[in-house]
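S.K.: Below is one structure. I have some questions about it.
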Amino acid sequence: MATQQIFSPLPGIFYRKPAPDKPVYKNDGDVVAESDTIGLIEVMKSFNEVKAGAAGKIVRFLAENEDAVMAGQPIAEIDV
Amino acid sequence: MAIKKLLIANRGEIAVRIIRAARDLGIATVQVYSKADKDSLAVRLADEAIDIGPPQASKSYLNQAVILAAAQATGADAIHPGYGFLAENAEFAAAVEAAGLIFVGPTAQSIRLMGDKVAAREAAASAGVPTVPGSEGRLESAEAAFALVEKTGFPVMIKAAAGGGGRGIRIARSAEEFHHLMPQAQAEALAAFGDGGLYVEKLIEGARHIEVQVLGDGRDVIHCFERECSLQRRRQKVWEEAPSPSLTQAVREKLCSSAVALAKAVNYRGAGTLEYLYDDRTGEFYFLEMNTRIQVEHPVTEMVTGIDLVREMIRIAGGEPLRIRQDEVRVGGHSIEVRINAEDPARNFLPNPGTVNALSVPGGDGVRFDSMLYQGYTVPPFYDSLLGKLIVHDKDRQSAIRRLERALAELSVEGIFTTKPLHQALARDADVKAGRFHTAWLEPWLESHAAALATAQPPSAVKVAP
């Protein structure tokens, strides 16, 4: 098993939930499929989904909900 | 009390605009900034700047306590909220005054009244201003709804009381359709929102968006004529002009007087805008809502009337009475504003923040560029995509459109995609040239012109950040 990182595709604000009153998309330790959404990036008031990009198990999130992130910044670690 | 030091509780192009107006009045300026905005043009131009926290607007530009503390720390005696953020927050306006400072805008009470859709409609009705015919609040039964639509006529919109943003809307074009759709709409509203409450409003198809600029000092109110902003995408205005190309003089007078009547009825103070739907086939207009702030598109009014609206609102906030009489407000020529956004029209208006490697700004007679850009500036991803507004003025509409094309050709923002090609295509369009459009015109036009827009902006002009 190798650990790899999921990177933010865009600069913006990172959200772990689809809406403020909803639960997080994924928790540390969750098993994910490649096409699973793990969070949202808000860029100039438009929302873009971040996909896991690989099947595996999320080790931990590196960015918190509502963190400002740069494009290419690692936002989670995943065991594939 | 004249204002000596003004704090600008906003960012971007409007912060720059307010700093300029304050400086023209000899007022010192304090610019608040989030960490993402420390290199902004507004920070560079202001006399002082103060850090108010992280990039997220909720933690900086919307953080009332931090903004009030910044005003106290810098000795500012007034706060200008710009548009968006806290501009129409009654609680903030009240907190500013409670702190012994001047809020450059209306009273908290006016903001609250006009921010409540039902209360604003009632105020309009009692001032004799027409509103879109429909139910006053929610309908309790299908029979009551039908009795109402027999009076308003078809087509009507059936809306979920708990809906919003266009969700849960159905259109009925006949009594038969209405009887068929009502129960469906009710069931759907109940399922989607947990509330089967509905209301009904007449659908004004092909309506134009026309708005009236007003200035009040709490006692007297004048209007500065109208703007037409019918070219919209997803309810966002993209192109605005003054005067409206579709109003007759008689309707213009009626419309502007109605705006003054309503603003007077609420003792309005400061700059405000009353928005209307206008049906140019019947000459009827309907009040939609009042925006109790300066608007993005205010420059077109300034260009045709010669009135500096931002300066006037600051003077009024400082306690001066209105300096302009209604009969002194005159419209000269025609003005058009286009919004230059960091969005790529070729890719469904994908936002693209990034660094402006090179910038050429148009100039010459009748051209104004209100923007937050400078060469080397990095547009942050955290706020809206408005980079600036290109405004032109000329003797008539046809000349203004030609001047707009000339100015757009001179504008060059390298490093990021902008909406410039959209405006170039619009300026060449026969319907736009003839003023033949309405609020639902642009979106289908964008679909039918997608191919032309896709090739309008060569990717080689843009270096995409890694």
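Going through the structure tokens in order, the chains are called A, B, and so on, while each chain numbers its residues from 1 and the ligands are numbered from 1 in the order shown.
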I need the chain A residues near chain B as an MDAnalysis selection string; criterion: at most 7 Å, counting only C-alpha atoms.

M.R.: chainID A and resid 11:13 43:45 68

S.K.: Can I get the selected residues back with N, CA and C atoms, as a tab-separated table (two decimals), in the first residue's frame?

M.R.:
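Output saved as again-v9.tsv:
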```
chain	number	residue	atom	x	y	z
A	11	PRO	N	-7.27	27.29	-6.78
A	11	PRO	CA	-7.12	28.09	-5.56
A	11	PRO	C	-8.49	28.50	-5.04
A	12	GLY	N	-8.64	28.66	-3.75
A	12	GLY	CA	-9.94	29.11	-3.23
A	12	GLY	C	-10.13	28.70	-1.79
A	13	ILE	N	-11.41	28.60	-1.41
A	13	ILE	CA	-11.75	28.16	-0.06
A	13	ILE	C	-12.19	26.69	-0.13
A	43	VAL	N	-14.28	29.08	-5.76
A	43	VAL	CA	-13.44	30.03	-6.49
A	43	VAL	C	-14.33	31.14	-6.99
A	44	MET	N	-14.11	32.34	-6.58
A	44	MET	CA	-14.88	33.49	-7.03
A	44	MET	C	-16.38	33.19	-7.01
A	45	LYS	N	-16.83	32.67	-5.89
A	45	LYS	CA	-18.25	32.40	-5.66
A	45	LYS	C	-18.81	31.26	-6.49
A	68	ALA	N	-8.29	28.49	3.37
A	68	ALA	CA	-7.88	29.05	2.08
A	68	ALA	C	-6.78	28.14	1.53
```

S.K.: CA of Glu253 in chain B and CA of Glu328 in chain B are how many Å apart?

M.R.: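 Interatomic distance here is 15.0 Å.
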
S.K.: With a distance cut-off of 7 Å and only C-alpha atoms, select the neighbouring residues of Cys229 in chain B, excluding the residue or stretch itself and same-chain residues fewer than 5 positions from it, and output the selection as a PyMOL selection string.

M.R.: chain B and resi 209-210+237+239-241

S.K.: Can you write just those residues out, C-alpha atoms, as a PDB file, in the first residue's frame?

M.R.:
```pdb
ATOM      1  CA  HIS B 209     -34.988  45.541 -16.178  1.00  0.00           C
ATOM      2  CA  ILE B 210     -35.104  49.257 -15.572  1.00  0.00           C
ATOM      3  CA  LYS B 237     -26.043  42.179 -14.953  1.00  0.00           C
ATOM      4  CA  TRP B 239     -24.057  45.408 -19.605  1.00  0.00           C
ATOM      5  CA  GLU B 240     -25.852  48.508 -18.314  1.00  0.00           C
ATOM      6  CA  GLU B 241     -26.809  51.775 -19.904  1.00  0.00           C
TER       7      GLU B 241
END
```

S.K.: Quick one: distance from CA of His180 in chain B to CA of Gly206 in chain B in Å, one decimal?

M.R.: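 Separation between CA of His180 in chain B and CA of Gly206 in chain B: 24.6 Å.
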
S.K.: Quick one: residues within 9 Å of Val50 in chain A, only C-alpha atoms, excluding same-chain residues fewer than 5 positions away - as JSON, numbers by chain?

M.R.: {"A": [6, 7, 8, 9, 36, 37, 38, 39, 40, 41]}

S.K.: With distances taken over only C-alpha atoms, which of B:Ile102, B:Ile158, B:Val132, B:Ala317 is nearest to Tyr276 in chain B?

M.R.: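 Closest to Tyr276 in chain B of all the choices is B:Val132.
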
S.K.: Tell me, which residues of range 30-171 of chain B carry DSSP strand (DSSP E), written as an MDAnalysis selection string?

M.R.: chainID B and resid 30:33 48:51 78:80 102:103 156:160 169:171

S.K.: Residues of range 153-337 of chain B classed as helix (DSSP H, G or I) by DSSP on the backbone are to be reported as a PyMOL selection string.

M.R.: chain B and resi 175-193+249-265+298-305+309-317+326-328

S.K.: Write out as number ranges by chain which residues come within 12 Å of range 19-33 of chain A when counting only C-alpha atoms, dropping same-chain ones fewer than 3 positions away.

M.R.: A: 14-16, 36-40, 42, 47, 49-66, 76-80

S.K.: In Å, rounded to a single decimal, give me how far CA of Val212 in chain B is from CA of Met157 in chain B.

M.R.: 25.5 Å

S.K.: Within 12 Å of Gly12 in chain B, counting only C-alpha atoms, which residues show up once you throw out same-chain ones fewer than 5 positions away? Write them as a PyMOL selection string, please.

M.R.: chain B and resi 17-19+31-34+36-45+61+82-85+296+341+370-374+377+379-380+382-389

S.K.: Which neighbours of range 70-78 of chain B fall inside 7 Å, counting only C-alpha atoms, when residues of the same chain fewer than 4 positions from it are skipped, and could you give them as a PDB file with N, CA and C atoms, in the first residue's frame?

M.R.:
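As written to disk, around.pdb reads:
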```pdb
ATOM      1  N   ILE B   3     -17.487  64.708   7.653  1.00  0.00           N
ATOM      2  CA  ILE B   3     -16.611  63.545   7.849  1.00  0.00           C
ATOM      3  C   ILE B   3     -15.156  63.953   7.617  1.00  0.00           C
ATOM      4  N   LYS B   4     -14.276  63.513   8.515  1.00  0.00           N
ATOM      5  CA  LYS B   4     -12.845  63.816   8.363  1.00  0.00           C
ATOM      6  C   LYS B   4     -12.048  62.607   7.904  1.00  0.00           C
ATOM      7  N   LYS B   5     -12.442  61.458   8.413  1.00  0.00           N
ATOM      8  CA  LYS B   5     -11.706  60.246   8.045  1.00  0.00           C
ATOM      9  C   LYS B   5     -12.693  59.104   7.797  1.00  0.00           C
ATOM     10  N   LEU B   6     -12.638  58.565   6.585  1.00  0.00           N
ATOM     11  CA  LEU B   6     -13.610  57.562   6.151  1.00  0.00           C
ATOM     12  C   LEU B   6     -12.954  56.190   6.046  1.00  0.00           C
ATOM     13  N   LEU B   7     -13.572  55.215   6.711  1.00  0.00           N
ATOM     14  CA  LEU B   7     -13.097  53.834   6.589  1.00  0.00           C
ATOM     15  C   LEU B   7     -13.914  53.128   5.514  1.00  0.00           C
ATOM     16  N   ILE B  50      -5.565  48.802   7.167  1.00  0.00           N
ATOM     17  CA  ILE B  50      -5.555  48.013   8.394  1.00  0.00           C
ATOM     18  C   ILE B  50      -6.034  46.586   8.120  1.00  0.00           C
ATOM     19  N   VAL B  66     -14.748  43.243  14.058  1.00  0.00           N
ATOM     20  CA  VAL B  66     -13.379  43.574  13.651  1.00  0.00           C
ATOM     21  C   VAL B  66     -13.357  44.893  12.862  1.00  0.00           C
ATOM     22  N   LEU B 101     -20.382  56.416  15.229  1.00  0.00           N
ATOM     23  CA  LEU B 101     -19.806  56.674  13.903  1.00  0.00           C
ATOM     24  C   LEU B 101     -20.920  56.901  12.885  1.00  0.00           C
ATOM     25  N   ILE B 102     -20.521  57.453  11.728  1.00  0.00           N
ATOM     26  CA  ILE B 102     -21.487  57.696  10.653  1.00  0.00           C
ATOM     27  C   ILE B 102     -21.480  56.507   9.700  1.00  0.00           C
ATOM     28  N   PHE B 103     -22.666  56.000   9.381  1.00  0.00           N
ATOM     29  CA  PHE B 103     -22.809  54.965   8.360  1.00  0.00           C
ATOM     30  C   PHE B 103     -23.154  55.672   7.052  1.00  0.00           C
ATOM     31  N   VAL B 104     -22.319  55.522   6.038  1.00  0.00           N
ATOM     32  CA  VAL B 104     -22.594  56.197   4.763  1.00  0.00           C
ATOM     33  C   VAL B 104     -23.648  55.386   4.008  1.00  0.00           C
TER      34      VAL B 104
END
```
